[in-house]
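S.K.: My structure file coords.csv, CSV, C-alpha atoms, is below:
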```
chain,number,residue,atom,x,y,z
A,256,MET,CA,-3.4,9.9,-53.9
A,257,ARG,CA,-1.5,12.9,-52.6
A,258,ALA,CA,2.2,13.2,-53.1
A,259,PRO,CA,4.1,12.8,-49.8
A,260,THR,CA,5.0,16.0,-48.2
A,261,ALA,CA,8.6,17.0,-47.4
A,262,ALA,CA,7.8,16.6,-43.7
A,263,ALA,CA,6.4,13.1,-44.3
A,264,ALA,CA,9.4,12.2,-46.3
A,265,LEU,CA,11.7,13.5,-43.5
A,266,LEU,CA,9.7,11.5,-40.9
A,267,ALA,CA,9.9,8.4,-43.0
A,268,ALA,CA,13.7,8.8,-43.5
A,269,ALA,CA,14.1,9.3,-39.7
A,270,LEU,CA,12.1,6.2,-38.9
A,271,LEU,CA,14.1,4.2,-41.4
A,272,ALA,CA,17.4,5.6,-40.3
A,273,PRO,CA,19.7,2.9,-38.6
A,274,ALA,CA,20.6,3.4,-35.0
A,275,GLN,CA,23.6,5.8,-34.6
A,276,ALA,CA,26.4,5.5,-32.1
A,277,GLY,CA,25.5,7.1,-28.8
A,278,ALA,CA,21.8,6.6,-29.5
A,279,ALA,CA,19.3,4.0,-28.2
A,280,SER,CA,19.9,0.5,-29.4
A,281,ALA,CA,18.4,-2.9,-28.7
A,282,SER,CA,19.3,-6.6,-28.4
A,283,PRO,CA,18.2,-8.7,-31.4
A,284,ILE,CA,14.5,-8.7,-32.2
A,285,GLN,CA,13.2,-12.2,-32.8
A,286,ALA,CA,9.5,-12.9,-33.4
A,287,SER,CA,7.2,-15.7,-34.5
A,288,CYS,CA,3.6,-16.0,-35.8
A,289,PHE,CA,1.1,-18.6,-34.5
A,290,ALA,CA,-2.5,-19.5,-35.0
A,291,ALA,CA,-4.6,-18.5,-32.0
A,292,SER,CA,-8.3,-19.5,-31.5
A,293,ARG,CA,-9.8,-17.3,-34.1
A,294,ASP,CA,-6.9,-15.5,-35.8
A,295,CYS,CA,-3.1,-15.3,-36.0
A,296,ARG,CA,-0.9,-13.5,-33.5
A,297,ILE,CA,2.7,-12.3,-33.6
A,298,HIS,CA,4.8,-13.2,-30.6
A,299,VAL,CA,7.9,-11.2,-29.9
A,300,ASP,CA,10.7,-12.7,-27.8
A,301,PRO,CA,12.0,-10.6,-24.9
A,302,PHE,CA,14.4,-7.9,-25.8
A,303,THR,CA,16.5,-5.2,-24.0
A,304,ILE,CA,16.7,-1.6,-25.1
A,305,ALA,CA,20.1,0.0,-24.3
A,306,VAL,CA,19.8,3.6,-23.5
A,307,ALA,CA,22.7,6.0,-24.4
A,308,PRO,CA,24.7,7.2,-21.4
A,309,GLY,CA,23.1,10.1,-19.6
A,310,GLN,CA,19.8,9.6,-21.5
A,311,ARG,CA,16.4,8.2,-20.6
A,312,LEU,CA,14.2,5.8,-22.5
A,313,GLN,CA,11.1,7.7,-23.8
A,314,SER,CA,9.2,5.4,-26.0
A,315,PHE,CA,9.2,2.5,-28.4
A,316,GLN,CA,6.8,1.1,-30.9
A,317,LEU,CA,6.5,-2.4,-32.4
A,318,GLN,CA,5.5,-2.4,-36.0
A,319,VAL,CA,4.2,-5.3,-38.0
A,320,GLY,CA,4.2,-4.9,-41.7
A,321,GLY,CA,4.8,-1.2,-41.2
A,322,LEU,CA,1.8,-0.7,-38.9
A,323,PRO,CA,2.0,-0.1,-35.2
A,324,VAL,CA,0.8,-2.9,-32.9
A,325,TYR,CA,2.2,-1.7,-29.6
A,326,ASP,CA,2.7,1.9,-28.6
A,327,TYR,CA,4.8,2.2,-25.4
A,328,ARG,CA,5.7,5.1,-23.2
A,329,THR,CA,7.8,5.3,-20.1
A,330,ASP,CA,7.0,7.0,-16.8
A,331,ALA,CA,6.6,10.8,-17.2
A,332,SER,CA,8.7,11.7,-14.2
A,333,ASN,CA,11.1,8.8,-13.7
A,334,PRO,CA,11.9,7.1,-17.0
A,335,PRO,CA,14.4,4.3,-17.2
A,336,ALA,CA,18.1,5.4,-17.5
A,337,GLY,CA,19.9,2.1,-18.1
A,338,PRO,CA,19.2,-0.9,-20.2
A,339,TYR,CA,15.5,-1.8,-20.1
A,340,ALA,CA,13.7,-5.0,-20.8
A,341,PRO,CA,10.0,-4.3,-21.1
A,342,THR,CA,7.5,-7.1,-20.5
A,343,LEU,CA,5.5,-8.0,-23.5
A,344,PRO,CA,1.8,-8.8,-23.6
A,345,LYS,CA,1.0,-12.5,-23.2
A,346,PRO,CA,-1.8,-12.6,-25.8
A,347,GLY,CA,0.6,-11.4,-28.6
A,348,PHE,CA,-0.2,-9.0,-31.4
A,349,ALA,CA,-2.8,-9.0,-34.1
A,350,ALA,CA,-1.9,-10.5,-37.5
A,351,ARG,CA,-3.5,-12.1,-40.5
A,352,CYS,CA,-3.1,-15.8,-41.0
A,353,GLU,CA,-1.0,-16.9,-44.1
A,354,GLN,CA,0.5,-13.5,-44.4
A,355,THR,CA,4.2,-12.7,-44.2
A,356,TYR,CA,5.5,-9.8,-42.0
A,357,VAL,CA,8.6,-8.1,-40.9
A,358,VAL,CA,8.5,-7.1,-37.3
A,359,LYS,CA,10.3,-3.9,-36.5
A,360,LEU,CA,11.2,-2.1,-33.2
A,361,VAL,CA,11.4,1.7,-33.4
A,362,GLY,CA,12.5,3.5,-30.3
A,363,ARG,CA,13.7,6.8,-28.9
A,364,ASP,CA,15.6,8.0,-25.9
A,365,SER,CA,15.9,11.6,-24.6
A,366,GLY,CA,18.9,12.2,-26.8
A,367,ASP,CA,17.3,11.1,-30.1
A,368,PRO,CA,15.8,13.9,-32.1
A,369,SER,CA,13.4,11.3,-33.6
A,370,PRO,CA,12.5,7.6,-33.3
A,371,LEU,CA,15.2,5.3,-34.6
A,372,GLU,CA,14.9,1.8,-36.0
A,373,LEU,CA,16.4,-0.4,-33.4
A,374,GLY,CA,16.0,-3.8,-35.0
A,375,GLN,CA,13.8,-5.9,-37.2
A,376,THR,CA,13.2,-9.6,-38.0
A,377,ALA,CA,13.6,-11.5,-41.2
A,378,PRO,CA,10.2,-12.1,-42.8
A,379,VAL,CA,7.9,-14.2,-40.5
A,380,THR,CA,5.1,-16.2,-42.1
A,381,CYS,CA,1.8,-16.7,-40.3
A,382,PRO,CA,0.4,-20.2,-40.6
A,383,ALA,CA,-3.1,-21.2,-41.7
A,384,PRO,CA,-5.8,-20.6,-39.1
A,385,GLU,CA,-5.9,-24.3,-38.3
A,386,PRO,CA,-3.9,-27.2,-39.5
A,387,ALA,CA,-5.9,-28.4,-42.5
A,388,PRO,CA,-5.0,-31.5,-44.7
A,389,GLY,CA,-3.4,-29.6,-47.5
A,390,ALA,CA,-1.2,-31.1,-50.2
A,391,ALA,CA,1.8,-31.4,-47.9
A,392,ALA,CA,-0.3,-33.0,-45.1
A,393,LEU,CA,-1.9,-35.5,-47.6
A,394,ALA,CA,1.5,-36.4,-48.9
A,395,ALA,CA,2.8,-36.9,-45.3
A,396,ALA,CA,-0.3,-39.0,-44.5
A,397,GLY,CA,0.3,-41.2,-47.6
A,398,THR,CA,3.9,-41.8,-46.6
A,399,LEU,CA,2.7,-42.8,-43.1
A,400,ALA,CA,0.2,-45.2,-44.6
A,401,VAL,CA,3.0,-46.9,-46.7
A,402,LEU,CA,5.2,-47.1,-43.7
A,403,LYS,CA,2.4,-48.7,-41.6
A,404,GLY,CA,1.7,-51.1,-44.4
A,405,SER,CA,5.3,-52.2,-44.7
A,406,ARG,CA,5.6,-52.6,-40.9
A,407,ARG,CA,2.4,-54.7,-40.9
A,408,GLY,CA,3.8,-56.8,-43.7
A,409,SER,CA,7.1,-57.4,-42.0
A,410,GLY,CA,5.2,-58.4,-38.8
A,411,ARG,CA,3.3,-61.0,-40.7
A,412,ARG,CA,6.5,-62.4,-42.1
A,413,LYS,CA,7.9,-62.7,-38.6
A,414,LEU,CA,4.8,-64.5,-37.4
A,415,ARG,CA,4.9,-67.0,-40.3
A,416,ALA,CA,8.6,-67.6,-39.6
A,417,SER,CA,7.9,-68.3,-36.0
A,418,ARG,CA,5.4,-71.0,-36.9
B,290,MET,CA,34.9,19.0,20.4
B,291,ARG,CA,33.2,16.0,21.9
B,292,GLN,CA,30.0,18.1,22.5
B,293,SER,CA,29.9,19.2,18.9
B,294,LEU,CA,30.3,15.6,17.7
B,295,HIS,CA,27.4,14.6,20.0
B,296,SER,CA,25.3,17.4,18.5
B,297,ILE,CA,26.0,16.2,14.9
B,298,LEU,CA,25.3,12.6,15.9
B,299,ALA,CA,22.0,13.7,17.5
B,300,LEU,CA,21.0,15.7,14.4
B,301,ALA,CA,21.8,12.7,12.2
B,302,ILE,CA,19.7,10.4,14.3
B,303,VAL,CA,16.8,12.8,14.1
B,304,ALA,CA,17.2,13.1,10.4
B,305,VAL,CA,17.2,9.4,9.8
B,306,ALA,CA,14.3,8.7,12.2
B,307,ALA,CA,12.1,11.6,10.9
B,308,PRO,CA,9.0,10.4,9.0
B,309,ARG,CA,8.7,11.3,5.4
B,310,PRO,CA,6.4,14.2,4.6
B,311,ALA,CA,2.7,13.2,4.2
B,312,ALA,CA,2.8,13.6,0.4
B,313,ALA,CA,5.8,11.3,-0.1
B,314,GLY,CA,4.1,8.3,-1.8
B,315,PHE,CA,5.9,7.0,-4.8
B,316,ALA,CA,6.4,4.0,-6.9
B,317,SER,CA,8.9,2.5,-9.2
B,318,PRO,CA,8.5,3.9,-12.7
B,319,ILE,CA,5.1,3.2,-14.4
B,320,ASN,CA,5.9,2.1,-17.9
B,321,GLY,CA,3.5,0.6,-20.4
B,322,GLY,CA,1.6,0.8,-23.6
B,323,CYS,CA,-1.4,-0.1,-25.7
B,324,TYR,CA,-1.4,-3.0,-28.2
B,325,LEU,CA,-3.7,-4.5,-30.8
B,326,VAL,CA,-4.5,-8.1,-30.0
B,327,ALA,CA,-7.1,-8.7,-32.7
B,328,ALA,CA,-9.5,-6.6,-34.8
B,329,ASN,CA,-11.3,-4.1,-32.5
B,330,ASP,CA,-9.5,-5.6,-29.4
B,331,CYS,CA,-7.0,-3.3,-27.9
B,332,ARG,CA,-5.5,-3.6,-24.4
B,333,ILE,CA,-3.3,-1.6,-22.1
B,334,HIS,CA,-0.3,-3.4,-20.7
B,335,LEU,CA,1.9,-2.3,-17.8
B,336,ASP,CA,5.4,-3.5,-16.8
B,337,PRO,CA,5.6,-4.7,-13.2
B,338,PHE,CA,5.9,-1.9,-10.7
B,339,VAL,CA,6.6,-1.6,-7.0
B,340,VAL,CA,4.6,0.6,-4.7
B,341,ASN,CA,6.9,2.1,-2.1
B,342,ILE,CA,5.5,2.3,1.4
B,343,ASN,CA,6.5,4.7,4.1
B,344,GLU,CA,8.1,2.1,6.2
B,345,GLY,CA,9.8,4.6,8.5
B,346,ALA,CA,6.4,5.8,9.6
B,347,GLY,CA,5.1,2.3,10.1
B,348,ALA,CA,2.6,2.8,7.3
B,349,ALA,CA,0.6,0.1,5.6
B,350,LEU,CA,-0.6,0.0,2.0
B,351,GLU,CA,-4.3,0.7,1.8
B,352,VAL,CA,-5.3,0.9,-1.9
B,353,VAL,CA,-3.8,0.8,-5.4
B,354,GLU,CA,-5.7,2.0,-8.4
B,355,LEU,CA,-5.0,2.4,-12.1
B,356,TYR,CA,-6.8,4.9,-14.3
B,357,ALA,CA,-6.9,5.3,-18.0
B,358,ASP,CA,-7.8,8.9,-18.9
B,359,GLY,CA,-9.4,9.2,-15.5
B,360,VAL,CA,-11.5,6.0,-15.8
B,361,LEU,CA,-10.8,3.3,-13.2
B,362,ILE,CA,-9.4,0.1,-14.8
B,363,TYR,CA,-7.9,-1.6,-11.8
B,364,HIS,CA,-8.8,-1.5,-8.1
B,365,TRP,CA,-6.7,-3.3,-5.6
B,366,ARG,CA,-7.1,-3.7,-1.9
B,367,PRO,CA,-4.9,-5.5,0.6
B,368,ASP,CA,-5.7,-8.0,3.4
B,369,ALA,CA,-7.9,-6.1,5.9
B,370,ALA,CA,-6.1,-7.5,8.9
B,371,ASN,CA,-2.6,-7.8,7.6
B,372,PRO,CA,-1.8,-5.3,4.9
B,373,PRO,CA,1.7,-5.0,3.4
B,374,ARG,CA,4.0,-2.9,5.4
B,375,ILE,CA,7.0,-3.1,3.1
B,376,ASP,CA,7.3,-2.2,-0.6
B,377,TYR,CA,4.8,-4.2,-2.5
B,378,MET,CA,4.5,-5.4,-6.1
B,379,PRO,CA,0.9,-6.2,-7.0
B,380,SER,CA,0.4,-8.8,-9.7
B,381,ILE,CA,-1.1,-7.4,-12.9
B,382,PRO,CA,-3.8,-9.4,-14.7
B,383,ALA,CA,-2.3,-11.4,-17.5
B,384,GLN,CA,-5.2,-10.5,-19.9
B,385,ASP,CA,-4.3,-6.8,-19.4
B,386,PHE,CA,-6.8,-4.0,-19.5
B,387,ARG,CA,-9.5,-3.3,-22.1
B,388,ALA,CA,-9.0,-0.1,-24.2
B,389,ARG,CA,-10.5,1.5,-27.3
B,390,CYS,CA,-8.6,1.0,-30.5
B,391,GLY,CA,-7.5,4.3,-32.0
B,392,GLN,CA,-7.8,6.3,-28.8
B,393,THR,CA,-4.9,8.0,-26.9
B,394,TYR,CA,-4.6,7.5,-23.2
B,395,THR,CA,-2.7,8.7,-20.1
B,396,VAL,CA,-2.4,6.0,-17.5
B,397,ASN,CA,-2.1,6.9,-13.8
B,398,LEU,CA,-1.2,4.9,-10.8
B,399,LEU,CA,-3.0,6.2,-7.6
B,400,ALA,CA,-2.2,4.7,-4.3
B,401,LYS,CA,-2.4,5.4,-0.6
B,402,ASP,CA,-0.6,4.1,2.4
B,403,SER,CA,-1.8,4.9,6.0
B,404,SER,CA,0.7,7.8,6.2
B,405,ASP,CA,-0.9,9.5,3.2
B,406,ALA,CA,-3.8,11.9,3.9
B,407,ASP,CA,-5.4,10.9,0.6
B,408,ARG,CA,-4.7,8.9,-2.6
B,409,LEU,CA,-1.7,10.2,-4.4
B,410,ASN,CA,-0.5,10.0,-8.0
B,411,TYR,CA,2.4,7.6,-7.7
B,412,GLY,CA,3.3,7.7,-11.4
B,413,GLN,CA,2.0,7.9,-14.9
B,414,PHE,CA,2.8,7.5,-18.6
B,415,GLN,CA,1.2,9.7,-21.2
B,416,ASP,CA,-0.1,9.7,-24.7
B,417,ILE,CA,-0.1,6.1,-25.7
B,418,THR,CA,-2.1,5.5,-28.8
B,419,CYS,CA,-3.9,2.3,-29.2
B,420,PRO,CA,-3.4,0.9,-32.7
B,421,SER,CA,-6.5,0.4,-34.9
B,422,THR,CA,-5.6,-1.5,-38.0
B,423,VAL,CA,-4.7,-5.2,-38.2
B,424,PRO,CA,-1.5,-5.4,-40.2
```
Could you express the structure from this file as structure tokens?
M.R.:
Amino acid sequence: MRAPTAAAALLAAALLAPAQAGAASASPIQASCFAASRDCRIHVDPFTIAVAPGQRLQSFQLQVGGLPVYDYRTDASNPPAGPYAPTLPKPGFAARCEQTYVVKLVGRDSGDPSPLELGQTAPVTCPAPEPAPGAAALAAAGTLAVLKGSRRGSGRRKLRASR
Amino acid sequence: MRQSLHSILALAIVAVAAPRPAAAGFASPINGGCYLVAANDCRIHLDPFVVNINEGAGAALEVVELYADGVLIYHWRPDAANPPRIDYMPSIPAQDFRARCGQTYTVNLLAKDSSDADRLNYGQFQDITCPSTVP
């Protein structure tokens, strides 16, 4: 494996740098993971990117586990100047079931020399592909059976008492 | 004095009533991106946009098209007898538009209202790269 170059290190540092005053910022980034028909998907709640006064939003990227899943650019001649709430794709973003991810928003307005980290979630865990009767499910099923049995028993007692 | 006021008023009326130049088609900003929905399944997503129609000239919207790197991905036509004559926001397919993972695209909106001589580039966003690796 090659040692990271100075440029790569600088880029990584810039990407990881927290948003500075006067730069783009965003409302909180909240996300979830869910099992879709054949895989798992990340769903990101709507968010708003605040653009620094006098600047224009240029781009943002959603990253999952450090990898880009959504690469977004604004209009070349008339990019948004004020706070902007992009719409997010309905199908969600690719993810692997039973894996845990941090979802990160990296963005840039015309005043930012490089993309800034605008927000990130706490770790999100993707569920199993489909709900299978695991240990927890079996335990829950056992508890349910006991409850049903005790209800049945109490019902019988009531019947006997009514005779 | 009154005559000069009349002249200014007349000029103002002419300026307001004058039709926009033929190549005046435009739209609200076209913003969007490319995302990875599953392995080898990338899609282009656009935020809603409004196509502005040259209402002053009594124009009607005739066609809206989206292109990804010059390839048609969306072709929209209005009602043949009663097309929109005011600014119009077409609905975008919820499934979005198929794209190749790992490829970089420029997305253009072309449209034409009846005051445009031909289809015009109403807006575009450039250099979106479709992700290629499932995290």
S.K.: Between B:Leu398, B:Ile333, B:Leu325, B:Ile375, single out the one closest to chain A, counting all atoms listed in the file.
M.R.: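 Closest candidate: B:Leu325.
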S.K.: For CA of Ser380 in chain B and CA of Tyr356 in chain B, quote the distance in Å rounded to one decimal.
M.R.: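 Taking CA of Ser380 in chain B and CA of Tyr356 in chain B, their separation equals 16.1 Å.
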S.K.: Neighbours of Ala286 in chain A within 6 Å (all atoms listed in the file; same-chain residues fewer than 5 positions away dropped), as a short mmCIF file (atom, residue, chain, number, x, y, z; two decimals) with C-alpha atoms, in the frame of the given file?
M.R.:
```cif
data_model
loop_
_atom_site.label_atom_id
_atom_site.label_comp_id
_atom_site.auth_asym_id
_atom_site.auth_seq_id
_atom_site.Cartn_x
_atom_site.Cartn_y
_atom_site.Cartn_z
CA HIS A 298 4.80 -13.20 -30.60
CA VAL A 299 7.90 -11.20 -29.90
CA ASP A 300 10.70 -12.70 -27.80
#
```
S.K.: Wanna dump the chain A-chain B contacts at 12 Å for me, each residue with its shortest atom pair and the distance in Å to one decimal, counting all atoms listed in the file, ordered by chain and number, as JSON lines?
M.R.:
```
{"residue": "A:Ala290", "atom": "CA", "partner": "B:Ala327", "partner_atom": "CA", "distance": 12.0}
{"residue": "A:Ala291", "atom": "CA", "partner": "B:Ala327", "partner_atom": "CA", "distance": 10.1}
{"residue": "A:Ser292", "atom": "CA", "partner": "B:Ala327", "partner_atom": "CA", "distance": 10.9}
{"residue": "A:Arg293", "atom": "CA", "partner": "B:Ala327", "partner_atom": "CA", "distance": 9.1}
{"residue": "A:Asp294", "atom": "CA", "partner": "B:Ala327", "partner_atom": "CA", "distance": 7.5}
{"residue": "A:Cys295", "atom": "CA", "partner": "B:Ala327", "partner_atom": "CA", "distance": 8.4}
{"residue": "A:Arg296", "atom": "CA", "partner": "B:Val326", "partner_atom": "CA", "distance": 7.4}
{"residue": "A:Ile297", "atom": "CA", "partner": "B:Val326", "partner_atom": "CA", "distance": 9.1}
{"residue": "A:His298", "atom": "CA", "partner": "B:Val326", "partner_atom": "CA", "distance": 10.6}
{"residue": "A:Arg311", "atom": "CA", "partner": "B:Pro318", "partner_atom": "CA", "distance": 12.0}
{"residue": "A:Leu312", "atom": "CA", "partner": "B:Asn320", "partner_atom": "CA", "distance": 10.2}
{"residue": "A:Gln313", "atom": "CA", "partner": "B:Asn320", "partner_atom": "CA", "distance": 9.7}
{"residue": "A:Ser314", "atom": "CA", "partner": "B:Gly322", "partner_atom": "CA", "distance": 9.2}
{"residue": "A:Phe315", "atom": "CA", "partner": "B:Gly322", "partner_atom": "CA", "distance": 9.1}
{"residue": "A:Gln316", "atom": "CA", "partner": "B:Gly322", "partner_atom": "CA", "distance": 9.0}
{"residue": "A:Leu317", "atom": "CA", "partner": "B:Tyr324", "partner_atom": "CA", "distance": 9.0}
{"residue": "A:Gln318", "atom": "CA", "partner": "B:Pro424", "partner_atom": "CA", "distance": 8.7}
{"residue": "A:Val319", "atom": "CA", "partner": "B:Pro424", "partner_atom": "CA", "distance": 6.1}
{"residue": "A:Gly320", "atom": "CA", "partner": "B:Pro424", "partner_atom": "CA", "distance": 5.9}
{"residue": "A:Gly321", "atom": "CA", "partner": "B:Pro424", "partner_atom": "CA", "distance": 7.6}
{"residue": "A:Leu322", "atom": "CA", "partner": "B:Pro424", "partner_atom": "CA", "distance": 5.9}
{"residue": "A:Pro323", "atom": "CA", "partner": "B:Pro420", "partner_atom": "CA", "distance": 6.0}
{"residue": "A:Val324", "atom": "CA", "partner": "B:Tyr324", "partner_atom": "CA", "distance": 5.2}
{"residue": "A:Tyr325", "atom": "CA", "partner": "B:Tyr324", "partner_atom": "CA", "distance": 4.1}
{"residue": "A:Asp326", "atom": "CA", "partner": "B:Gly322", "partner_atom": "CA", "distance": 5.2}
{"residue": "A:Tyr327", "atom": "CA", "partner": "B:Gly322", "partner_atom": "CA", "distance": 3.9}
{"residue": "A:Arg328", "atom": "CA", "partner": "B:Gly321", "partner_atom": "CA", "distance": 5.7}
{"residue": "A:Thr329", "atom": "CA", "partner": "B:Asn320", "partner_atom": "CA", "distance": 4.3}
{"residue": "A:Asp330", "atom": "CA", "partner": "B:Phe414", "partner_atom": "CA", "distance": 4.6}
{"residue": "A:Ala331", "atom": "CA", "partner": "B:Phe414", "partner_atom": "CA", "distance": 5.2}
{"residue": "A:Ser332", "atom": "CA", "partner": "B:Gly412", "partner_atom": "CA", "distance": 7.3}
{"residue": "A:Asn333", "atom": "CA", "partner": "B:Pro318", "partner_atom": "CA", "distance": 5.6}
{"residue": "A:Pro334", "atom": "CA", "partner": "B:Pro318", "partner_atom": "CA", "distance": 6.3}
{"residue": "A:Pro335", "atom": "CA", "partner": "B:Pro318", "partner_atom": "CA", "distance": 7.4}
{"residue": "A:Ala336", "atom": "CA", "partner": "B:Pro318", "partner_atom": "CA", "distance": 10.8}
{"residue": "A:Tyr339", "atom": "CA", "partner": "B:Asn320", "partner_atom": "CA", "distance": 10.6}
{"residue": "A:Ala340", "atom": "CA", "partner": "B:Asp336", "partner_atom": "CA", "distance": 9.3}
{"residue": "A:Pro341", "atom": "CA", "partner": "B:Asp336", "partner_atom": "CA", "distance": 6.3}
{"residue": "A:Thr342", "atom": "CA", "partner": "B:Asp336", "partner_atom": "CA", "distance": 5.6}
{"residue": "A:Leu343", "atom": "CA", "partner": "B:His334", "partner_atom": "CA", "distance": 7.9}
{"residue": "A:Pro344", "atom": "CA", "partner": "B:His334", "partner_atom": "CA", "distance": 6.5}
{"residue": "A:Lys345", "atom": "CA", "partner": "B:Ala383", "partner_atom": "CA", "distance": 6.7}
{"residue": "A:Pro346", "atom": "CA", "partner": "B:Val326", "partner_atom": "CA", "distance": 6.7}
{"residue": "A:Gly347", "atom": "CA", "partner": "B:Val326", "partner_atom": "CA", "distance": 6.2}
{"residue": "A:Phe348", "atom": "CA", "partner": "B:Val326", "partner_atom": "CA", "distance": 4.6}
{"residue": "A:Ala349", "atom": "CA", "partner": "B:Val326", "partner_atom": "CA", "distance": 4.5}
{"residue": "A:Ala350", "atom": "CA", "partner": "B:Pro424", "partner_atom": "CA", "distance": 5.8}
{"residue": "A:Arg351", "atom": "CA", "partner": "B:Pro424", "partner_atom": "CA", "distance": 7.0}
{"residue": "A:Cys352", "atom": "CA", "partner": "B:Pro424", "partner_atom": "CA", "distance": 10.6}
{"residue": "A:Gln354", "atom": "CA", "partner": "B:Pro424", "partner_atom": "CA", "distance": 9.3}
{"residue": "A:Thr355", "atom": "CA", "partner": "B:Pro424", "partner_atom": "CA", "distance": 10.1}
{"residue": "A:Tyr356", "atom": "CA", "partner": "B:Pro424", "partner_atom": "CA", "distance": 8.5}
{"residue": "A:Val357", "atom": "CA", "partner": "B:Pro424", "partner_atom": "CA", "distance": 10.5}
{"residue": "A:Val358", "atom": "CA", "partner": "B:Pro424", "partner_atom": "CA", "distance": 10.5}
{"residue": "A:Cys381", "atom": "CA", "partner": "B:Pro424", "partner_atom": "CA", "distance": 11.8}
```
S.K.: Do you know which residues are at most 8 Å from Gly366 in chain A counting only C-alpha atoms, after dropping those on the same chain fewer than 5 positions away, and could you put them as a count of residues only?
M.R.: 4
S.K.: As an exercise, work out the distance from CA of Leu371 in chain A to CA of Arg387 in chain B in Å and give it to one decimal place.
M.R.: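 That distance, rounded to one decimal, is 29.0 Å.
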S.K.: So, with all atoms listed in the file as the atoms that count, which of B:Asp368, B:Cys390, B:Arg374, B:Leu361 lies closest to Ser404 in chain B?
M.R.: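 Looking only at the distances to Ser404 in chain B, the closest residue turns out to be B:Arg374.
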S.K.: As an exercise, work out the distance from CA of Ser282 in chain A to CA of Pro382 in chain A in Å and give it to one decimal place.
M.R.: 26.3 Å
S.K.: Can you work out which one of A:Val379, A:Glu353, A:Cys288, A:Val306 has the shortest atom-to-atom distance to Asp367 in chain A, counting only C-alpha atoms?
M.R.: A:Val306
